[in-house]
$ cat protein16.cif   # mmCIF, N, CA and C atoms
data_structure
loop_
_atom_site.label_atom_id
_atom_site.label_comp_id
_atom_site.auth_asym_id
_atom_site.auth_seq_id
_atom_site.Cartn_x
_atom_site.Cartn_y
_atom_site.Cartn_z
N MET A 1 -0.86 3.89 1.07
CA MET A 1 -0.49 4.89 0.08
C MET A 1 -0.84 4.36 -1.30
N ILE A 2 -1.47 5.17 -2.12
CA ILE A 2 -1.82 4.81 -3.49
C ILE A 2 -1.34 5.92 -4.39
N ARG A 3 -0.68 5.54 -5.49
CA ARG A 3 -0.33 6.56 -6.48
C ARG A 3 -0.37 5.93 -7.85
N VAL A 4 -0.77 6.72 -8.82
CA VAL A 4 -0.86 6.26 -10.20
C VAL A 4 0.54 6.24 -10.79
N ILE A 5 0.95 5.10 -11.39
CA ILE A 5 2.29 5.02 -11.96
C ILE A 5 2.26 5.05 -13.49
N MET A 6 1.12 4.77 -14.08
CA MET A 6 0.95 4.91 -15.52
C MET A 6 -0.54 4.89 -15.80
N ARG A 7 -0.91 5.30 -16.95
CA ARG A 7 -2.32 5.32 -17.30
C ARG A 7 -2.88 3.91 -17.19
N GLY A 8 -3.93 3.74 -16.43
CA GLY A 8 -4.57 2.44 -16.31
C GLY A 8 -3.95 1.54 -15.25
N ALA A 9 -2.92 2.00 -14.56
CA ALA A 9 -2.31 1.19 -13.51
C ALA A 9 -2.07 2.06 -12.29
N MET A 10 -2.06 1.43 -11.14
CA MET A 10 -1.88 2.14 -9.89
C MET A 10 -0.92 1.35 -9.01
N GLN A 11 -0.07 2.04 -8.33
CA GLN A 11 0.82 1.39 -7.38
C GLN A 11 0.25 1.60 -5.99
N VAL A 12 0.10 0.50 -5.24
CA VAL A 12 -0.46 0.55 -3.90
C VAL A 12 0.58 -0.01 -2.94
N THR A 13 0.82 0.69 -1.87
CA THR A 13 1.74 0.21 -0.85
C THR A 13 0.94 -0.33 0.32
N LEU A 14 1.21 -1.57 0.70
CA LEU A 14 0.52 -2.21 1.82
C LEU A 14 1.51 -2.55 2.92
N GLU A 15 1.08 -2.41 4.13
CA GLU A 15 1.87 -2.89 5.25
C GLU A 15 1.32 -4.23 5.67
N LEU A 16 2.12 -5.27 5.51
CA LEU A 16 1.71 -6.63 5.83
C LEU A 16 2.71 -7.27 6.78
N PRO A 17 2.24 -8.14 7.64
CA PRO A 17 3.20 -8.90 8.43
C PRO A 17 4.05 -9.77 7.49
N GLU A 18 5.33 -9.90 7.79
CA GLU A 18 6.22 -10.70 6.95
C GLU A 18 5.69 -12.12 6.78
N GLU A 19 5.11 -12.63 7.83
CA GLU A 19 4.56 -13.99 7.80
C GLU A 19 3.53 -14.15 6.68
N LEU A 20 2.70 -13.15 6.47
CA LEU A 20 1.71 -13.20 5.40
C LEU A 20 2.39 -12.99 4.05
N ALA A 21 3.26 -12.03 3.93
CA ALA A 21 3.94 -11.76 2.67
C ALA A 21 4.77 -12.96 2.21
N ASP A 22 5.40 -13.66 3.17
CA ASP A 22 6.24 -14.82 2.83
C ASP A 22 5.45 -15.96 2.20
N VAL A 23 4.15 -16.03 2.47
CA VAL A 23 3.31 -17.08 1.90
C VAL A 23 3.33 -17.01 0.37
N PHE A 24 3.53 -15.83 -0.18
CA PHE A 24 3.48 -15.63 -1.62
C PHE A 24 4.85 -15.67 -2.28
N GLY A 25 5.86 -16.03 -1.53
CA GLY A 25 7.19 -16.20 -2.09
C GLY A 25 8.06 -14.98 -1.91
N PRO A 26 9.33 -15.13 -2.28
CA PRO A 26 10.29 -14.05 -2.06
C PRO A 26 10.12 -12.87 -3.02
N SER A 27 9.48 -13.10 -4.14
CA SER A 27 9.34 -12.06 -5.15
C SER A 27 8.09 -11.20 -4.90
N PRO A 28 8.22 -9.90 -4.99
CA PRO A 28 7.04 -9.04 -4.86
C PRO A 28 5.99 -9.33 -5.95
N ALA A 29 6.41 -9.89 -7.06
CA ALA A 29 5.46 -10.19 -8.14
C ALA A 29 4.41 -11.20 -7.68
N GLY A 30 4.80 -12.15 -6.85
CA GLY A 30 3.84 -13.14 -6.35
C GLY A 30 2.78 -12.49 -5.49
N LEU A 31 3.18 -11.58 -4.64
CA LEU A 31 2.24 -10.86 -3.79
C LEU A 31 1.36 -9.93 -4.63
N SER A 32 1.95 -9.30 -5.61
CA SER A 32 1.20 -8.40 -6.49
C SER A 32 0.12 -9.18 -7.25
N ARG A 33 0.48 -10.36 -7.76
CA ARG A 33 -0.49 -11.18 -8.50
C ARG A 33 -1.61 -11.65 -7.57
N ALA A 34 -1.25 -12.06 -6.36
CA ALA A 34 -2.25 -12.51 -5.40
C ALA A 34 -3.23 -11.39 -5.06
N ALA A 35 -2.72 -10.18 -4.91
CA ALA A 35 -3.58 -9.03 -4.61
C ALA A 35 -4.49 -8.73 -5.80
N LEU A 36 -3.95 -8.78 -7.01
CA LEU A 36 -4.75 -8.56 -8.21
C LEU A 36 -5.89 -9.58 -8.30
N GLU A 37 -5.56 -10.85 -8.07
CA GLU A 37 -6.58 -11.90 -8.13
C GLU A 37 -7.64 -11.69 -7.05
N ALA A 38 -7.21 -11.39 -5.83
CA ALA A 38 -8.16 -11.22 -4.73
C ALA A 38 -9.10 -10.03 -4.98
N LEU A 39 -8.54 -8.93 -5.43
CA LEU A 39 -9.37 -7.75 -5.69
C LEU A 39 -10.32 -7.98 -6.87
N THR A 40 -9.85 -8.68 -7.87
CA THR A 40 -10.70 -8.97 -9.03
C THR A 40 -11.83 -9.92 -8.63
N LEU A 41 -11.52 -10.95 -7.85
CA LEU A 41 -12.56 -11.87 -7.37
C LEU A 41 -13.60 -11.13 -6.53
N GLU A 42 -13.16 -10.23 -5.68
CA GLU A 42 -14.10 -9.48 -4.87
C GLU A 42 -14.98 -8.57 -5.73
N ALA A 43 -14.40 -7.97 -6.76
CA ALA A 43 -15.19 -7.13 -7.67
C ALA A 43 -16.24 -7.97 -8.40
N LEU A 44 -15.89 -9.19 -8.77
CA LEU A 44 -16.87 -10.09 -9.40
C LEU A 44 -17.98 -10.45 -8.42
N ARG A 45 -17.61 -10.83 -7.20
CA ARG A 45 -18.60 -11.19 -6.18
C ARG A 45 -19.59 -10.04 -5.94
N ALA A 46 -19.06 -8.83 -5.93
CA ALA A 46 -19.88 -7.66 -5.64
C ALA A 46 -20.66 -7.17 -6.86
N GLY A 47 -20.43 -7.79 -8.02
CA GLY A 47 -21.13 -7.38 -9.23
C GLY A 47 -20.58 -6.12 -9.85
N ARG A 48 -19.36 -5.75 -9.49
CA ARG A 48 -18.75 -4.53 -10.04
C ARG A 48 -17.99 -4.78 -11.33
N PHE A 49 -17.64 -6.02 -11.60
CA PHE A 49 -16.97 -6.41 -12.84
C PHE A 49 -17.76 -7.50 -13.52
N THR A 50 -17.70 -7.52 -14.82
CA THR A 50 -18.22 -8.65 -15.57
C THR A 50 -17.14 -9.73 -15.60
N GLU A 51 -17.56 -10.92 -15.92
CA GLU A 51 -16.58 -12.01 -16.05
C GLU A 51 -15.58 -11.68 -17.16
N GLN A 52 -16.05 -11.10 -18.23
CA GLN A 52 -15.17 -10.74 -19.34
C GLN A 52 -14.11 -9.71 -18.90
N LYS A 53 -14.52 -8.72 -18.14
CA LYS A 53 -13.57 -7.71 -17.66
C LYS A 53 -12.54 -8.35 -16.72
N ALA A 54 -13.00 -9.24 -15.87
CA ALA A 54 -12.08 -9.93 -14.95
C ALA A 54 -11.07 -10.77 -15.74
N ARG A 55 -11.55 -11.48 -16.76
CA ARG A 55 -10.65 -12.27 -17.60
C ARG A 55 -9.58 -11.39 -18.22
N GLN A 56 -10.00 -10.25 -18.72
CA GLN A 56 -9.07 -9.31 -19.36
C GLN A 56 -8.01 -8.83 -18.37
N LEU A 57 -8.43 -8.44 -17.19
CA LEU A 57 -7.50 -7.92 -16.19
C LEU A 57 -6.52 -9.00 -15.71
N LEU A 58 -7.00 -10.23 -15.63
CA LEU A 58 -6.15 -11.32 -15.15
C LEU A 58 -5.35 -11.99 -16.25
N GLY A 59 -5.63 -11.64 -17.51
CA GLY A 59 -4.90 -12.24 -18.62
C GLY A 59 -5.29 -13.69 -18.86
N ILE A 60 -6.53 -14.03 -18.57
CA ILE A 60 -7.03 -15.39 -18.79
C ILE A 60 -7.68 -15.43 -20.17
N ALA A 61 -7.20 -16.35 -21.01
CA ALA A 61 -7.56 -16.33 -22.43
C ALA A 61 -8.98 -16.80 -22.73
N THR A 62 -9.44 -17.84 -22.07
CA THR A 62 -10.73 -18.41 -22.46
C THR A 62 -11.72 -18.43 -21.31
N ARG A 63 -12.98 -18.53 -21.66
CA ARG A 63 -14.03 -18.63 -20.66
C ARG A 63 -13.89 -19.93 -19.87
N TYR A 64 -13.47 -20.98 -20.54
CA TYR A 64 -13.25 -22.27 -19.89
C TYR A 64 -12.18 -22.15 -18.81
N GLU A 65 -11.08 -21.50 -19.14
CA GLU A 65 -10.02 -21.28 -18.14
C GLU A 65 -10.51 -20.42 -16.98
N MET A 66 -11.35 -19.42 -17.30
CA MET A 66 -11.89 -18.56 -16.27
C MET A 66 -12.80 -19.35 -15.34
N ASP A 67 -13.60 -20.24 -15.89
CA ASP A 67 -14.46 -21.08 -15.06
C ASP A 67 -13.62 -21.89 -14.07
N GLY A 68 -12.51 -22.45 -14.55
CA GLY A 68 -11.61 -23.20 -13.68
C GLY A 68 -11.01 -22.32 -12.60
N PHE A 69 -10.59 -21.12 -12.97
CA PHE A 69 -10.03 -20.18 -12.00
C PHE A 69 -11.06 -19.84 -10.93
N LEU A 70 -12.29 -19.55 -11.35
CA LEU A 70 -13.34 -19.19 -10.39
C LEU A 70 -13.66 -20.36 -9.47
N LYS A 71 -13.77 -21.56 -10.03
CA LYS A 71 -14.06 -22.74 -9.21
C LYS A 71 -12.94 -23.01 -8.21
N ALA A 72 -11.69 -22.81 -8.64
CA ALA A 72 -10.54 -23.01 -7.75
C ALA A 72 -10.57 -22.03 -6.58
N HIS A 73 -11.23 -20.90 -6.77
CA HIS A 73 -11.30 -19.89 -5.72
C HIS A 73 -12.68 -19.85 -5.05
N GLY A 74 -13.49 -20.88 -5.33
CA GLY A 74 -14.78 -21.00 -4.66
C GLY A 74 -15.83 -20.00 -5.08
N LEU A 75 -15.71 -19.47 -6.28
CA LEU A 75 -16.68 -18.49 -6.77
C LEU A 75 -17.41 -19.07 -7.98
N LEU A 76 -18.68 -19.35 -7.80
CA LEU A 76 -19.50 -19.86 -8.89
C LEU A 76 -20.49 -18.78 -9.27
N LEU A 77 -20.41 -18.31 -10.49
CA LEU A 77 -21.31 -17.26 -10.95
C LEU A 77 -22.59 -17.87 -11.48
N PRO A 78 -23.70 -17.20 -11.29
CA PRO A 78 -24.97 -17.74 -11.79
C PRO A 78 -24.99 -17.77 -13.32
N LEU A 79 -25.60 -18.80 -13.87
CA LEU A 79 -25.75 -18.91 -15.32
C LEU A 79 -27.14 -18.48 -15.73
N THR A 80 -27.22 -17.80 -16.86
CA THR A 80 -28.52 -17.44 -17.41
C THR A 80 -28.86 -18.42 -18.53
N ALA A 81 -30.09 -18.40 -18.95
CA ALA A 81 -30.52 -19.25 -20.06
C ALA A 81 -29.72 -18.89 -21.32
N GLU A 82 -29.42 -17.60 -21.48
CA GLU A 82 -28.64 -17.17 -22.64
C GLU A 82 -27.22 -17.73 -22.59
N ASP A 83 -26.63 -17.79 -21.40
CA ASP A 83 -25.29 -18.38 -21.25
C ASP A 83 -25.29 -19.83 -21.71
N ILE A 84 -26.28 -20.57 -21.27
CA ILE A 84 -26.36 -22.00 -21.61
C ILE A 84 -26.61 -22.18 -23.10
N GLU A 85 -27.49 -21.38 -23.67
CA GLU A 85 -27.75 -21.47 -25.11
C GLU A 85 -26.50 -21.12 -25.92
N ARG A 86 -25.77 -20.10 -25.51
CA ARG A 86 -24.54 -19.71 -26.20
C ARG A 86 -23.50 -20.82 -26.11
N ASP A 87 -23.35 -21.41 -24.94
CA ASP A 87 -22.39 -22.50 -24.77
C ASP A 87 -22.77 -23.71 -25.61
N ALA A 88 -24.07 -24.01 -25.67
CA ALA A 88 -24.54 -25.14 -26.48
C ALA A 88 -24.28 -24.89 -27.97
N ALA A 89 -24.52 -23.68 -28.43
CA ALA A 89 -24.28 -23.33 -29.83
C ALA A 89 -22.80 -23.42 -30.15
N THR A 90 -21.95 -22.98 -29.25
CA THR A 90 -20.50 -23.07 -29.46
C THR A 90 -20.06 -24.52 -29.53
N ALA A 91 -20.59 -25.35 -28.63
CA ALA A 91 -20.24 -26.78 -28.63
C ALA A 91 -20.67 -27.44 -29.93
N LEU A 92 -21.84 -27.09 -30.41
CA LEU A 92 -22.31 -27.68 -31.68
C LEU A 92 -21.45 -27.24 -32.86
N GLN A 93 -20.96 -26.01 -32.85
CA GLN A 93 -20.08 -25.54 -33.91
C GLN A 93 -18.79 -26.34 -33.93
N TYR A 94 -18.22 -26.59 -32.76
CA TYR A 94 -16.99 -27.36 -32.69
C TYR A 94 -17.21 -28.82 -33.05
N ARG A 95 -18.36 -29.34 -32.69
CA ARG A 95 -18.68 -30.73 -33.00
C ARG A 95 -18.82 -30.95 -34.50
N ALA A 96 -19.34 -29.93 -35.20
CA ALA A 96 -19.57 -30.02 -36.64
C ALA A 96 -18.27 -29.99 -37.44
N ARG A 97 -17.20 -29.57 -36.86
CA ARG A 97 -15.92 -29.44 -37.58
C ARG A 97 -15.28 -30.75 -37.85
#
$ encode --input "protein16.cif" --output "structure tokens"
Amino acid sequence: MIRVIMRGAMQVTLELPEELADVFGPSPAGLSRAALEALTLEALRAGRFTEQKARQLLGIATRYEMDGFLKAHGLLLPLTAEDIERDAATALQYRAR
């Protein structure tokens, strides 16, 4: 069952074995966060979300933190030459300070 509970958010009801739900702790918030992370990671893998959009949805502040999150979940996104150049320019700006 899926129903919209507010603009931009949706409530989804899942039937899960207790054994699986218990892995995420006694609070429904833990299961909700795990589902959000899993769905967001899958959207990234499928190319349906940008890394920036995923960061926004997950509340991850920096690209560096996002890289750590992705690596922890076994998802390595391809880098472009522009990504590397932008990262190098940012590093040089911080080094100059």
$ closest_residue --input "protein16.cif" --among "A:Gly30, A:Ala96, A:Leu16, A:Glu51" --to "A:Arg63" --atoms "only C-alpha atoms"
A:Glu51
$ resolve_selection --input "protein16.cif" --expression "the PyMOL selection byres (((chain A and resi 31 and name CA) around 12) and name CA)" --output "ChimeraX atom specification"
/A:12-14,16,18,20-30,32-38
$ resolve_selection --input "protein16.cif" --expression "the PyMOL selection byres (((chain A and resi 41-50 and name CA) around 10) and name CA)" --output "list in words"
Ala35, Leu36, Glu37, Ala38, Leu39, Thr40, Glu51, Gln52, Lys53, Ala54, Arg55, Gln56, Phe69, Leu70, His73, Gly74, Leu75, Leu76 and Leu77 of chain A
$ write_last_selection --input "protein16.cif" --atoms "N, CA and C atoms" --output "PDB file, keeping the file's coordinate frame"
ATOM      1  N   ALA A  35      -2.720 -10.180  -4.910  1.00  0.00           N
ATOM      2  CA  ALA A  35      -3.580  -9.030  -4.610  1.00  0.00           C
ATOM      3  C   ALA A  35      -4.490  -8.730  -5.800  1.00  0.00           C
ATOM      4  N   LEU A  36      -3.950  -8.780  -7.010  1.00  0.00           N
ATOM      5  CA  LEU A  36      -4.750  -8.560  -8.210  1.00  0.00           C
ATOM      6  C   LEU A  36      -5.890  -9.580  -8.300  1.00  0.00           C
ATOM      7  N   GLU A  37      -5.560 -10.850  -8.070  1.00  0.00           N
ATOM      8  CA  GLU A  37      -6.580 -11.900  -8.130  1.00  0.00           C
ATOM      9  C   GLU A  37      -7.640 -11.690  -7.050  1.00  0.00           C
ATOM     10  N   ALA A  38      -7.210 -11.390  -5.830  1.00  0.00           N
ATOM     11  CA  ALA A  38      -8.160 -11.220  -4.730  1.00  0.00           C
ATOM     12  C   ALA A  38      -9.100 -10.030  -4.980  1.00  0.00           C
ATOM     13  N   LEU A  39      -8.540  -8.930  -5.430  1.00  0.00           N
ATOM     14  CA  LEU A  39      -9.370  -7.750  -5.690  1.00  0.00           C
ATOM     15  C   LEU A  39     -10.320  -7.980  -6.870  1.00  0.00           C
ATOM     16  N   THR A  40      -9.850  -8.680  -7.870  1.00  0.00           N
ATOM     17  CA  THR A  40     -10.700  -8.970  -9.030  1.00  0.00           C
ATOM     18  C   THR A  40     -11.830  -9.920  -8.630  1.00  0.00           C
ATOM     19  N   GLU A  51     -17.560 -10.920 -15.920  1.00  0.00           N
ATOM     20  CA  GLU A  51     -16.580 -12.010 -16.050  1.00  0.00           C
ATOM     21  C   GLU A  51     -15.580 -11.680 -17.160  1.00  0.00           C
ATOM     22  N   GLN A  52     -16.050 -11.100 -18.230  1.00  0.00           N
ATOM     23  CA  GLN A  52     -15.170 -10.740 -19.340  1.00  0.00           C
ATOM     24  C   GLN A  52     -14.110  -9.710 -18.900  1.00  0.00           C
ATOM     25  N   LYS A  53     -14.520  -8.720 -18.140  1.00  0.00           N
ATOM     26  CA  LYS A  53     -13.570  -7.710 -17.660  1.00  0.00           C
ATOM     27  C   LYS A  53     -12.540  -8.350 -16.720  1.00  0.00           C
ATOM     28  N   ALA A  54     -13.000  -9.240 -15.870  1.00  0.00           N
ATOM     29  CA  ALA A  54     -12.080  -9.930 -14.950  1.00  0.00           C
ATOM     30  C   ALA A  54     -11.070 -10.770 -15.740  1.00  0.00           C
ATOM     31  N   ARG A  55     -11.550 -11.480 -16.760  1.00  0.00           N
ATOM     32  CA  ARG A  55     -10.650 -12.270 -17.600  1.00  0.00           C
ATOM     33  C   ARG A  55      -9.580 -11.390 -18.220  1.00  0.00           C
ATOM     34  N   GLN A  56     -10.000 -10.250 -18.720  1.00  0.00           N
ATOM     35  CA  GLN A  56      -9.070  -9.310 -19.360  1.00  0.00           C
ATOM     36  C   GLN A  56      -8.010  -8.830 -18.370  1.00  0.00           C
ATOM     37  N   PHE A  69     -10.590 -21.120 -12.970  1.00  0.00           N
ATOM     38  CA  PHE A  69     -10.030 -20.180 -12.000  1.00  0.00           C
ATOM     39  C   PHE A  69     -11.060 -19.840 -10.930  1.00  0.00           C
ATOM     40  N   LEU A  70     -12.290 -19.550 -11.350  1.00  0.00           N
ATOM     41  CA  LEU A  70     -13.340 -19.190 -10.390  1.00  0.00           C
ATOM     42  C   LEU A  70     -13.660 -20.360  -9.470  1.00  0.00           C
ATOM     43  N   HIS A  73     -11.230 -20.900  -6.770  1.00  0.00           N
ATOM     44  CA  HIS A  73     -11.300 -19.890  -5.720  1.00  0.00           C
ATOM     45  C   HIS A  73     -12.680 -19.850  -5.050  1.00  0.00           C
ATOM     46  N   GLY A  74     -13.490 -20.880  -5.330  1.00  0.00           N
ATOM     47  CA  GLY A  74     -14.780 -21.000  -4.660  1.00  0.00           C
ATOM     48  C   GLY A  74     -15.830 -20.000  -5.080  1.00  0.00           C
ATOM     49  N   LEU A  75     -15.710 -19.470  -6.280  1.00  0.00           N
ATOM     50  CA  LEU A  75     -16.680 -18.490  -6.770  1.00  0.00           C
ATOM     51  C   LEU A  75     -17.410 -19.070  -7.980  1.00  0.00           C
ATOM     52  N   LEU A  76     -18.680 -19.350  -7.800  1.00  0.00           N
ATOM     53  CA  LEU A  76     -19.500 -19.860  -8.890  1.00  0.00           C
ATOM     54  C   LEU A  76     -20.490 -18.780  -9.270  1.00  0.00           C
ATOM     55  N   LEU A  77     -20.410 -18.310 -10.490  1.00  0.00           N
ATOM     56  CA  LEU A  77     -21.310 -17.260 -10.950  1.00  0.00           C
ATOM     57  C   LEU A  77     -22.590 -17.870 -11.480  1.00  0.00           C
TER      58      LEU A  77
END
